[in-house]
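Structure file my_file_31.txt; described as compact mmCIF, C-alpha atoms.
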# COMPACT_ATOMS: atom_id res chain seq x y z
CA MET A 330 76.88 30.88 -100.72
CA PHE A 331 77.75 27.67 -98.84
CA GLU A 332 75.58 25.20 -100.73
CA LYS A 333 78.31 23.87 -103.02
CA MET A 334 81.11 23.94 -100.44
CA ASP A 335 82.32 20.73 -98.83
CA TYR A 336 83.39 20.77 -95.20
CA ASN A 337 87.06 21.25 -96.02
CA GLU A 338 86.10 24.38 -97.92
CA LEU A 339 83.93 25.52 -95.02
CA ASP A 340 86.89 25.10 -92.68
CA GLU A 341 89.01 27.16 -95.07
CA PHE A 342 86.38 29.90 -94.96
CA VAL A 343 86.49 29.86 -91.15
CA GLU A 344 90.26 30.38 -91.34
CA LYS A 345 89.72 33.34 -93.67
CA ILE A 346 87.35 34.95 -91.15
CA LYS A 347 89.86 34.36 -88.35
CA SER A 348 92.51 36.04 -90.46
CA GLY A 349 90.42 39.18 -90.91
CA TYR A 350 88.41 38.52 -94.06
CA LYS A 351 85.44 40.90 -94.34
CA ILE A 352 82.33 39.40 -95.90
CA SER A 353 80.83 41.41 -98.74
CA ASP A 354 77.35 42.85 -99.12
CA LYS A 355 76.76 40.22 -101.81
CA GLU A 356 77.64 37.45 -99.33
CA ILE A 357 75.37 38.94 -96.67
CA ARG A 358 72.53 39.10 -99.17
CA SER A 359 73.16 35.49 -100.18
CA ILE A 360 72.94 34.37 -96.54
CA LEU A 361 69.71 36.28 -95.94
CA GLU A 362 68.20 34.59 -99.00
CA ILE A 363 69.07 31.05 -97.84
CA GLU A 364 66.05 28.73 -97.69
CA ASN A 365 67.69 25.35 -98.22
CA GLN A 366 68.05 23.48 -94.91
CA ASN A 367 71.36 21.90 -95.92
CA GLU A 368 72.85 25.31 -96.70
CA LEU A 369 71.54 26.68 -93.39
CA GLN A 370 73.31 23.88 -91.53
CA LYS A 371 76.55 24.73 -93.32
CA LEU A 372 76.11 28.40 -92.38
CA PHE A 373 75.65 27.47 -88.73
CA TYR A 374 78.62 25.09 -88.89
CA VAL A 375 80.78 28.01 -90.00
CA SER A 376 79.39 30.50 -87.46
CA GLN A 377 79.83 28.05 -84.58
CA LYS A 378 83.40 27.26 -85.62
CA VAL A 379 84.22 30.97 -85.78
CA ARG A 380 82.75 31.58 -82.32
CA ASN A 381 84.58 28.61 -80.85
CA CYS A 382 87.89 29.89 -82.22
CA PHE A 383 87.59 32.82 -79.82
CA PHE A 384 85.42 31.53 -76.97
CA ASP A 385 85.67 27.73 -77.09
CA ASN A 386 82.39 26.28 -75.81
CA LYS A 387 81.97 28.93 -73.12
CA ILE A 388 78.78 31.00 -72.85
CA ILE A 389 78.22 34.22 -70.88
CA LEU A 390 75.14 34.32 -68.66
CA SER A 391 73.50 37.74 -68.42
CA SER A 392 70.64 38.61 -66.09
CA PHE A 393 67.68 40.85 -66.80
CA VAL A 394 66.57 43.19 -64.04
CA TYR A 395 63.92 45.43 -65.57
CA PHE A 396 63.80 47.79 -62.62
CA SER A 397 61.59 50.50 -64.17
CA THR A 398 58.90 50.13 -66.81
CA HIS A 399 58.17 53.86 -66.96
CA CYS A 400 59.15 55.57 -70.20
CA LYS A 401 58.78 58.99 -71.81
CA ASN A 402 58.95 57.68 -75.38
CA GLU A 403 56.28 56.59 -77.88
CA CYS A 404 58.10 53.81 -79.75
CA ALA A 405 55.58 52.23 -82.12
CA PHE A 406 56.77 48.69 -81.39
CA CYS A 407 57.09 48.85 -77.60
CA TYR A 408 54.60 47.65 -74.98
CA TYR A 409 55.97 50.24 -72.55
CA LYS A 410 55.35 53.27 -74.79
CA LYS A 411 54.27 56.24 -72.69
CA SER A 412 50.64 56.34 -73.83
CA ASN A 413 49.98 52.61 -73.34
CA LYS A 414 47.61 52.14 -70.40
CA ILE A 415 49.44 49.36 -68.59
CA LYS A 416 50.44 48.61 -65.04
CA ARG A 417 53.96 49.92 -64.40
CA TYR A 418 56.48 49.68 -61.61
CA ARG A 419 59.72 51.20 -60.40
CA LEU A 420 61.65 48.92 -58.04
CA ASP A 421 63.32 50.32 -54.94
CA VAL A 422 66.99 49.68 -54.21
CA GLU A 423 66.25 46.92 -51.69
CA GLU A 424 64.26 44.92 -54.25
CA VAL A 425 66.97 45.30 -56.90
CA ILE A 426 69.52 44.07 -54.34
CA ARG A 427 67.32 41.08 -53.50
CA LEU A 428 67.01 40.10 -57.14
CA CYS A 429 70.73 40.53 -57.80
CA THR A 430 71.53 38.44 -54.73
CA VAL A 431 69.55 35.54 -56.18
CA LEU A 432 71.03 35.98 -59.65
CA LYS A 433 74.63 36.06 -58.43
CA LYS A 434 74.05 33.01 -56.25
CA GLU A 435 72.63 31.16 -59.26
CA GLY A 436 75.73 32.04 -61.31
CA VAL A 437 75.09 34.91 -63.73
CA ASN A 438 78.19 36.62 -65.13
CA MET A 439 76.68 40.06 -65.71
CA ILE A 440 73.89 42.14 -64.21
CA ASP A 441 71.75 43.85 -66.82
CA LEU A 442 69.95 46.81 -65.22
CA THR A 443 67.24 47.68 -67.71
CA MET A 444 64.78 50.57 -67.73
CA GLY A 445 62.66 52.60 -70.08
CA GLU A 446 63.66 56.22 -70.54
CA ASP A 447 62.16 56.89 -67.12
CA PRO A 448 61.74 60.65 -66.53
CA TYR A 449 62.36 60.12 -62.82
CA PHE A 450 65.92 58.91 -63.38
CA HIS A 451 66.56 61.33 -66.25
CA ASN A 452 65.58 64.21 -63.96
CA ASN A 453 67.40 62.68 -60.96
CA PRO A 454 70.59 61.15 -62.39
CA LYS A 455 72.12 60.82 -58.92
CA GLN A 456 69.51 58.17 -58.10
CA LEU A 457 70.60 55.97 -61.00
CA VAL A 458 74.27 56.60 -60.31
CA GLU A 459 73.82 55.58 -56.67
CA LEU A 460 71.88 52.45 -57.67
CA ILE A 461 74.71 51.32 -59.96
CA ARG A 462 77.35 52.18 -57.35
CA THR A 463 75.47 50.13 -54.74
CA ILE A 464 75.04 47.10 -57.00
CA LYS A 465 78.65 47.24 -58.15
CA HIS A 466 79.99 47.51 -54.59
CA LYS A 467 77.78 44.72 -53.26
CA PHE A 468 78.16 42.18 -56.06
CA GLY A 469 81.30 43.09 -58.01
CA LEU A 470 79.91 41.83 -61.32
CA PRO A 471 80.07 43.64 -64.66
CA ILE A 472 77.03 45.85 -65.13
CA MET A 473 75.10 46.68 -68.27
CA ILE A 474 72.83 49.71 -68.17
CA SER A 475 70.22 50.96 -70.65
CA PRO A 476 69.06 54.45 -69.63
CA GLY A 477 68.32 55.58 -73.19
CA VAL A 478 69.79 58.74 -74.68
CA ILE A 479 71.65 60.76 -72.04
CA ASP A 480 74.33 63.45 -72.12
CA ARG A 481 78.08 63.01 -71.81
CA GLU A 482 78.21 64.16 -68.19
CA PHE A 483 75.63 61.55 -67.20
CA LEU A 484 77.61 58.88 -69.08
CA ILE A 485 80.78 59.83 -67.21
CA LYS A 486 78.97 59.45 -63.90
CA LEU A 487 77.64 56.04 -64.91
CA LYS A 488 81.15 54.92 -65.83
CA GLU A 489 82.58 56.24 -62.54
CA SER A 490 79.85 54.48 -60.55
CA GLY A 491 80.80 51.07 -61.97
CA ALA A 492 78.82 50.60 -65.17
CA ASN A 493 80.70 48.65 -67.84
CA ILE A 494 78.51 48.62 -70.91
CA LEU A 495 75.82 50.88 -72.34
CA ALA A 496 73.01 49.16 -74.24
CA LEU A 497 71.50 51.55 -76.77
CA TYR A 498 69.87 49.94 -79.79
CA GLN A 499 69.23 51.90 -82.96
CA GLU A 500 66.71 49.24 -84.13
CA THR A 501 67.50 50.29 -87.73
CA TYR A 502 69.89 52.62 -89.51
CA GLU A 503 67.39 53.18 -92.31
CA TYR A 504 66.31 56.70 -91.45
CA GLU A 505 62.71 56.51 -92.71
CA LEU A 506 62.04 53.24 -90.88
CA TYR A 507 63.66 54.61 -87.73
CA GLN A 508 61.21 57.52 -87.76
CA LYS A 509 58.30 55.06 -87.93
CA LEU A 510 59.64 52.96 -85.07
CA ARG A 511 61.12 55.54 -82.69
CA THR A 512 58.50 58.24 -83.06
CA ASN A 513 59.76 61.80 -82.54
CA GLN A 514 63.22 60.66 -81.41
CA SER A 515 66.41 62.06 -82.89
CA PHE A 516 68.26 59.61 -85.13
CA LYS A 517 71.52 61.52 -84.73
CA GLU A 518 71.35 62.01 -80.96
CA ARG A 519 71.03 58.28 -80.46
CA ILE A 520 74.12 57.65 -82.56
CA ASP A 521 76.01 60.48 -80.85
CA CYS A 522 75.21 59.06 -77.41
CA LYS A 523 76.89 55.77 -78.36
CA LYS A 524 79.91 57.69 -79.62
CA ASP A 525 80.09 59.66 -76.36
CA ALA A 526 79.82 56.43 -74.36
CA LYS A 527 82.81 54.99 -76.22
CA ASN A 528 84.78 58.17 -75.63
CA VAL A 529 84.23 58.10 -71.86
CA GLY A 530 85.36 54.46 -71.66
CA LEU A 531 82.10 52.53 -71.66
CA LEU A 532 81.65 49.49 -73.85
CA VAL A 533 78.64 49.74 -76.15
CA GLU A 534 75.98 47.31 -77.31
CA ASP A 535 74.07 48.20 -80.47
CA GLY A 536 71.24 46.26 -82.03
CA ILE A 537 68.62 45.97 -84.73
CA LEU A 538 65.00 44.87 -84.89
CA THR A 539 64.02 42.51 -87.68
CA GLY A 540 60.68 41.35 -89.05
CA ILE A 541 59.12 44.80 -89.35
CA GLU A 542 59.35 46.41 -92.79
CA ASP A 543 63.10 45.72 -92.94
CA SER A 544 64.20 44.76 -96.43
CA ILE A 545 67.45 42.96 -97.17
CA ASP A 546 68.89 46.31 -98.24
CA SER A 547 67.95 47.94 -94.93
CA ILE A 548 69.42 45.03 -92.95
CA ILE A 549 72.71 45.32 -94.85
CA LEU A 550 72.70 49.09 -94.32
CA SER A 551 72.16 48.66 -90.57
CA LEU A 552 74.87 46.03 -90.24
CA ARG A 553 77.39 48.19 -92.10
CA GLU A 554 76.54 51.26 -90.01
CA ILE A 555 76.99 49.24 -86.81
CA GLU A 556 80.29 47.92 -88.16
CA LYS A 557 81.62 51.47 -88.58
CA ARG A 558 81.20 52.10 -84.85
CA TYR A 559 83.24 49.14 -83.51
CA PRO A 560 80.59 47.73 -81.16
CA ASP A 561 81.56 45.53 -78.23
CA MET A 562 78.24 43.68 -78.30
CA VAL A 563 75.79 43.34 -81.20
CA ARG A 564 72.21 42.14 -81.01
CA VAL A 565 69.27 41.34 -83.24
CA MET A 566 65.74 40.60 -82.07
CA THR A 567 62.58 39.63 -83.96
CA PHE A 568 59.66 42.04 -83.81
CA VAL A 569 56.73 40.66 -81.81
CA PRO A 570 53.43 42.59 -81.95
CA GLN A 571 52.54 44.12 -78.58
CA GLU A 572 49.09 44.91 -77.25
CA GLY A 573 48.24 48.59 -77.09
CA THR A 574 50.73 49.67 -79.76
CA PRO A 575 50.12 50.90 -83.33
CA LEU A 576 51.62 47.64 -84.60
CA GLU A 577 49.67 45.23 -82.40
CA ASN A 578 47.75 43.74 -85.35
CA LYS A 579 50.78 43.27 -87.58
CA ASN A 580 51.40 39.63 -88.44
CA PRO A 581 54.44 38.31 -86.54
CA SER A 582 57.42 37.15 -88.56
CA SER A 583 59.34 33.93 -88.32
CA SER A 584 62.46 34.13 -86.18
CA LEU A 585 64.53 32.54 -88.98
CA ASN A 586 65.75 35.92 -90.18
CA GLU A 587 66.96 36.75 -86.67
CA ILE A 588 68.88 33.50 -86.53
CA LYS A 589 70.49 34.13 -89.94
CA ILE A 590 71.46 37.64 -88.84
CA ILE A 591 73.07 36.24 -85.69
CA ALA A 592 75.21 34.03 -87.94
CA ILE A 593 76.06 37.02 -90.15
CA MET A 594 77.00 39.05 -87.08
CA ARG A 595 79.34 36.26 -85.98
CA LEU A 596 81.07 36.39 -89.37
CA MET A 597 81.25 40.19 -89.30
CA PHE A 598 82.20 40.47 -85.62
CA PRO A 599 83.97 37.17 -84.91
CA ASN A 600 85.36 38.15 -81.51
CA ARG A 601 82.43 40.15 -80.12
CA LEU A 602 79.61 39.41 -77.72
CA ILE A 603 76.41 38.35 -79.49
CA PRO A 604 73.28 37.59 -77.44
CA ALA A 605 70.81 34.77 -77.64
CA SER A 606 67.86 36.47 -75.98
CA LEU A 607 65.32 34.50 -73.97
CA ASP A 608 62.88 37.36 -74.43
CA VAL A 609 61.57 36.42 -77.88
CA GLU A 610 61.00 32.65 -77.80
CA GLY A 611 62.04 31.80 -74.25
CA ILE A 612 64.19 28.84 -73.33
CA GLY A 613 62.89 26.96 -76.38
CA GLY A 614 64.48 29.41 -78.78
CA MET A 615 67.83 29.61 -77.05
CA LYS A 616 69.35 26.56 -78.71
CA ASP A 617 68.77 27.83 -82.27
CA ARG A 618 70.37 31.17 -81.44
CA LEU A 619 73.42 29.58 -79.85
CA ASN A 620 73.74 27.22 -82.81
CA ALA A 621 73.78 30.29 -85.06
CA GLY A 622 76.86 31.64 -83.27
CA ALA A 623 75.61 33.60 -80.26
CA ASN A 624 77.72 33.43 -77.11
CA VAL A 625 75.68 35.34 -74.51
CA VAL A 626 72.40 34.16 -73.01
CA THR A 627 70.45 37.26 -72.02
CA SER A 628 67.18 37.99 -70.22
CA ILE A 629 67.82 35.47 -67.46
CA ILE A 630 65.52 36.10 -64.49
CA PRO A 631 65.14 34.35 -61.11
CA SER A 632 62.85 31.33 -61.16
CA ASP A 633 60.23 32.98 -58.94
CA SER A 634 60.40 36.39 -60.61
CA ILE A 635 57.47 38.38 -61.95
CA LEU A 636 59.84 40.88 -63.57
CA GLU A 637 58.78 42.24 -66.91
CA GLY A 638 60.74 41.60 -70.09
CA VAL A 639 60.83 43.55 -73.32
CA VAL A 640 58.72 41.15 -75.39
CA ASN A 641 57.37 38.77 -72.73
CA PRO A 642 56.15 35.75 -74.72
CA ASP A 643 55.77 34.04 -71.35
CA ARG A 644 54.03 36.87 -69.47
CA GLU A 645 51.04 34.69 -68.53
CA GLU A 646 53.01 31.54 -67.72
CA THR A 647 53.51 30.49 -64.12
CA ASP A 648 56.74 28.61 -64.90
CA ARG A 649 58.70 30.87 -67.23
CA LYS A 650 61.84 28.65 -67.35
CA ARG A 651 64.18 31.63 -67.79
CA ASP A 652 66.34 31.01 -64.75
CA VAL A 653 69.95 29.87 -64.65
CA LYS A 654 69.02 26.26 -63.85
CA ASN A 655 67.04 25.85 -67.08
CA VAL A 656 69.71 27.63 -69.12
CA LEU A 657 72.43 25.37 -67.74
CA SER A 658 70.33 22.30 -68.53
CA VAL A 659 70.18 23.28 -72.21
CA LEU A 660 73.87 24.22 -72.29
CA ASN A 661 74.73 20.82 -70.86
CA GLN A 662 72.72 19.12 -73.62
CA MET A 663 74.68 21.17 -76.15
CA GLU A 664 78.02 20.33 -74.51
CA MET A 665 78.57 23.99 -73.66
CA LYS A 666 79.52 25.60 -70.36
CA PRO A 667 79.18 28.98 -68.65
CA ILE A 668 82.28 31.14 -68.89
CA GLU A 669 84.50 31.48 -65.83
CA GLN A 670 83.82 34.78 -64.07
CA ASP A 671 87.45 35.87 -63.98
CA VAL A 672 87.78 35.32 -67.75
CA PHE A 673 84.66 37.35 -68.44
CA ASN A 674 85.83 40.11 -66.10
CA LYS A 675 89.03 40.40 -68.12
CA ILE A 676 87.00 40.71 -71.33
CA MET A 677 84.96 43.54 -69.85
CA GLU A 678 88.01 45.36 -68.51
CA ARG A 679 89.52 45.82 -71.97
CA ASN A 680 88.97 49.07 -73.81
CA ASP A 681 88.04 49.56 -77.42
CA GLU A 682 91.51 50.72 -78.47
CA ASN A 683 92.45 47.07 -78.80
CA LYS A 684 89.81 45.77 -81.20
CA ASN A 685 90.97 42.13 -81.13
CA TYR A 686 90.98 41.59 -77.42
CA TYR A 687 88.95 38.39 -77.30
CA VAL A 688 91.31 35.45 -77.24
CA LYS A 689 90.91 31.71 -77.07
CA TYR A 690 91.79 30.30 -73.67
Can you present the structure in this file as structure tokens?
Amino acid sequence: MFEKMDYNELDEFVEKIKSGYKISDKEIRSILEIENQNELQKLFYVSQKVRNCFFDNKIILSSFVYFSTHCKNECAFCYYKKSNKIKRYRLDVEEVIRLCTVLKKEGVNMIDLTMGEDPYFHNNPKQLVELIRTIKHKFGLPIMISPGVIDREFLIKLKESGANILALYQETYEYELYQKLRTNQSFKERIDCKKDAKNVGLLVEDGILTGIEDSIDSIILSLREIEKRYPDMVRVMTFVPQEGTPLENKNPSSSLNEIKIIAIMRLMFPNRLIPASLDVEGIGGMKDRLNAGANVVTSIIPSDSILEGVVNPDREETDRKRDVKNVLSVLNQMEMKPIEQDVFNKIMERNDENKNYYVKY
């Protein structure tokens, strides 16, 4: 797609994206098929320029407080599936406050309160609502929450308690693959929950999993289905085999597809939040994801933390290098900076009625 373009033509393409041009399925397919290094660099040149049109060189720092690793589900890809015989925890409020105190002092812009679909909180929604209310009151930062599929009334309470964004990934919009990945979970209910979240005023993050039986056709299908739902944040992560799961012996895929999809997402959603997760390849993989057009560093944890992550490539490491200090060091090398908190707060305060609310500042 970009191989024969010179840099003036690439700049013209950036202007087209800024002006509302929608890339075609054929163009998405062409990007996913790129193997030539020179063409990849041109792709990333374009995706970075598009991102910088809306966010300059500013990057959002998002924490990762995995406060409960209990889950009622049997997702085939997940280490925390209900039947996996692993050590689990559920943090008390005081410990969550301690972790958030450290994270805010270090400079994160958003607190990501992550959990499995913990039956305790699903059966006692007031406990989760009170946790969010406490964290919001004490720290005043935007809050992301990922409770799984919940009803509209629960969503309203989360919004009223101070939650800003619901993270609820579909993993894939290819129905047959979804059934393999999210065993015995309703495809429609998951979609409907995101719709309900939008309707009650929450922002929504959707995401896909790549590297696990996803063809180019299924990736395009998933991207187009996400596009229909006007997400506020879009994510892609590479599948990593996890011990104790049905897929533990599956050969891991290269992360290159993830990085290409990040660039595609930037072209499809030029003014949206797109994460560079530290949870797949750690601090070493952050630079490639930012160079592909991401503008949020996620899965930041305190330097002394033993908190779990979703993938945990660094579970056995004593120095996990996923704290703010290490992130800032890489950003400095890349001549990028963390976003100002007041600017990010304004982004999060907008509602989805105004689709083009991200502006260059």
Can you measure atom CA of A:Asp335 to atom CA of A:Lys387 for me? One decimal in Å is fine.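 According to the coordinates, atom CA of A:Asp335 and atom CA of A:Lys387 are separated by 27.0 Å.
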What are the nearest atom pairs, with distances in Å to one decimal, for all residues of stretch 336-448 of chain A that come at most 12 Å from stretch 579-599 of chain A, using only C-alpha atoms, set out by chain and rising residue number as CSV?
residue,atom,partner,partner_atom,distance
A:Phe342,CA,A:Leu596,CA,10.1
A:Val343,CA,A:Leu596,CA,8.7
A:Glu344,CA,A:Leu596,CA,11.2
A:Lys345,CA,A:Leu596,CA,10.1
A:Ile346,CA,A:Leu596,CA,6.7
A:Lys347,CA,A:Pro599,CA,7.4
A:Ser348,CA,A:Pro599,CA,10.2
A:Gly349,CA,A:Pro599,CA,9.0
A:Tyr350,CA,A:Met597,CA,8.8
A:Lys351,CA,A:Met597,CA,6.6
A:Ile352,CA,A:Met597,CA,6.7
A:Ser353,CA,A:Met597,CA,9.5
A:Asp354,CA,A:Ile593,CA,10.8
A:Glu356,CA,A:Ile593,CA,9.3
A:Ile357,CA,A:Ile593,CA,6.8
A:Arg358,CA,A:Ile593,CA,9.9
A:Ser359,CA,A:Ile593,CA,10.6
A:Ile360,CA,A:Lys589,CA,7.0
A:Leu361,CA,A:Lys589,CA,6.4
A:Glu362,CA,A:Asn586,CA,9.3
A:Ile363,CA,A:Lys589,CA,8.6
A:Glu364,CA,A:Leu585,CA,9.6
A:Gln366,CA,A:Leu585,CA,11.4
A:Glu368,CA,A:Lys589,CA,11.4
A:Leu369,CA,A:Lys589,CA,8.3
A:Gln370,CA,A:Lys589,CA,10.7
A:Lys371,CA,A:Ala592,CA,10.8
A:Leu372,CA,A:Ala592,CA,7.2
A:Phe373,CA,A:Ala592,CA,6.6
A:Tyr374,CA,A:Ala592,CA,9.6
A:Val375,CA,A:Leu596,CA,8.4
A:Ser376,CA,A:Ala592,CA,5.5
A:Gln377,CA,A:Ala592,CA,8.3
A:Lys378,CA,A:Arg595,CA,9.9
A:Val379,CA,A:Pro599,CA,6.3
A:Arg380,CA,A:Pro599,CA,6.3
A:Asn381,CA,A:Pro599,CA,9.5
A:Cys382,CA,A:Pro599,CA,8.7
A:Phe383,CA,A:Pro599,CA,7.6
A:Phe384,CA,A:Pro599,CA,9.8
A:Ala405,CA,A:Lys579,CA,11.5
A:Phe406,CA,A:Lys579,CA,10.2
Applying 7 Å and all atoms listed in the file, which residues near stretch 621-632 of chain A remain after dropping the ones on its own chain fewer than 5 positions away? List them as number ranges by chain. A: 373, 376-377, 380, 388-393, 431-432, 588, 591-592, 595, 602-608, 650-653
Counting all atoms listed in the file, which of A:Ile494, A:Leu532, A:Ile548, A:Val659 gets nearest to A:Met439?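 Counting all atoms listed in the file, the residue closest to A:Met439 is A:Ile494.
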Which residue, A:Tyr395, A:Asn367, A:Tyr336, A:Cys407, has the smallest gap to A:Thr512 when you use all atoms listed in the file?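 Checking each of A:Tyr395, A:Asn367, A:Tyr336, A:Cys407 against A:Thr512, counting all atoms listed in the file, the winner is A:Cys407.
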For a test of reading the model, state the distance in Å between atom CA of A:Val565 and atom CA of A:Cys404, rounded to one decimal.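 Answer for the atom CA of A:Val565 to atom CA of A:Cys404 separation: 17.1 Å.
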From the list A:Ile464, A:Met562, A:Ile479, A:Ile537, which residue is nearest A:Glu446 when using all atoms listed in the file?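 For A:Glu446, the nearest of the candidates is A:Ile479.
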Once you add 6 Å to each side, what are the centre and edge lengths of the axis-aligned box holding all listed atoms of stretch 613-627 of chain A? One decimal in Å, as AutoDock Vina command-line options, if you can.
--center_x 70.3 --center_y 31.9 --center_z -78.5 --size_x 26.8 --size_y 22.7 --size_z 25.0
Quick one: residues within 12 Å of (78.0, 53.6, -71.8) (file frame), counting all atoms listed in the file, please, as number ranges by chain. A: 472-498, 521-535, 560-562
I need stretch 520-582 of chain A written out with C-alpha atoms, as an mmCIF file, in the first residue's frame; please produce it.
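Final output, out-v1.cif:
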data_model
loop_
_atom_site.group_PDB
_atom_site.id
_atom_site.type_symbol
_atom_site.label_atom_id
_atom_site.label_comp_id
_atom_site.auth_asym_id
_atom_site.auth_seq_id
_atom_site.Cartn_x
_atom_site.Cartn_y
_atom_site.Cartn_z
ATOM 1 C CA ILE A 520 -21.963 -6.608 22.982
ATOM 2 C CA ASP A 521 -25.169 -5.442 24.672
ATOM 3 C CA CYS A 522 -23.278 -4.614 27.878
ATOM 4 C CA LYS A 523 -21.008 -2.241 25.943
ATOM 5 C CA LYS A 524 -24.066 -0.629 24.373
ATOM 6 C CA ASP A 525 -25.676 -0.196 27.799
ATOM 7 C CA ALA A 526 -22.457 1.309 29.164
ATOM 8 C CA LYS A 527 -22.474 3.916 26.393
ATOM 9 C CA ASN A 528 -26.118 4.695 27.066
ATOM 10 C CA VAL A 529 -25.532 5.360 30.773
ATOM 11 C CA GLY A 530 -22.641 7.726 30.008
ATOM 12 C CA LEU A 531 -19.579 5.528 30.446
ATOM 13 C CA LEU A 532 -16.794 5.566 27.896
ATOM 14 C CA VAL A 533 -16.006 2.125 26.494
ATOM 15 C CA GLU A 534 -12.825 0.292 25.578
ATOM 16 C CA ASP A 535 -13.129 -2.653 23.209
ATOM 17 C CA GLY A 536 -10.358 -4.932 22.053
ATOM 18 C CA ILE A 537 -9.270 -7.947 20.068
ATOM 19 C CA LEU A 538 -6.847 -10.806 20.595
ATOM 20 C CA THR A 539 -4.517 -11.665 17.733
ATOM 21 C CA GLY A 540 -2.243 -14.614 17.028
ATOM 22 C CA ILE A 541 -4.799 -17.316 17.768
ATOM 23 C CA GLU A 542 -6.639 -18.711 14.740
ATOM 24 C CA ASP A 543 -7.502 -15.191 13.558
ATOM 25 C CA SER A 544 -7.338 -14.915 9.784
ATOM 26 C CA ILE A 545 -7.030 -11.613 7.954
ATOM 27 C CA ASP A 546 -10.747 -11.855 7.215
ATOM 28 C CA SER A 547 -11.606 -12.286 10.893
ATOM 29 C CA ILE A 548 -9.381 -9.350 11.877
ATOM 30 C CA ILE A 549 -11.093 -7.112 9.320
ATOM 31 C CA LEU A 550 -14.500 -8.310 10.535
ATOM 32 C CA SER A 551 -13.598 -7.521 14.151
ATOM 33 C CA LEU A 552 -12.238 -4.077 13.310
ATOM 34 C CA ARG A 553 -15.356 -3.179 11.328
ATOM 35 C CA GLU A 554 -17.665 -4.400 14.105
ATOM 36 C CA ILE A 555 -15.745 -2.329 16.660
ATOM 37 C CA GLU A 556 -15.946 0.666 14.321
ATOM 38 C CA LYS A 557 -19.760 0.445 14.265
ATOM 39 C CA ARG A 558 -19.874 0.956 18.032
ATOM 40 C CA TYR A 559 -17.869 4.218 18.251
ATOM 41 C CA PRO A 560 -15.337 3.081 20.872
ATOM 42 C CA ASP A 561 -13.479 5.593 23.009
ATOM 43 C CA MET A 562 -10.483 3.301 23.402
ATOM 44 C CA VAL A 563 -9.427 0.392 21.178
ATOM 45 C CA ARG A 564 -6.896 -2.294 22.008
ATOM 46 C CA VAL A 565 -5.172 -5.274 20.455
ATOM 47 C CA MET A 566 -3.008 -7.791 22.293
ATOM 48 C CA THR A 567 -1.021 -10.798 21.088
ATOM 49 C CA PHE A 568 -2.054 -14.202 22.398
ATOM 50 C CA VAL A 569 0.531 -15.705 24.748
ATOM 51 C CA PRO A 570 0.059 -19.361 25.786
ATOM 52 C CA GLN A 571 -0.724 -19.691 29.496
ATOM 53 C CA GLU A 572 0.030 -22.631 31.756
ATOM 54 C CA GLY A 573 -2.994 -24.655 32.808
ATOM 55 C CA THR A 574 -5.179 -23.631 29.855
ATOM 56 C CA PRO A 575 -6.345 -25.670 26.837
ATOM 57 C CA LEU A 576 -4.053 -23.556 24.657
ATOM 58 C CA GLU A 577 -0.903 -23.760 26.771
ATOM 59 C CA ASN A 578 0.983 -25.807 24.158
ATOM 60 C CA LYS A 579 0.041 -23.630 21.203
ATOM 61 C CA ASN A 580 3.057 -22.029 19.555
ATOM 62 C CA PRO A 581 3.217 -18.304 20.367
ATOM 63 C CA SER A 582 2.935 -15.854 17.501
#
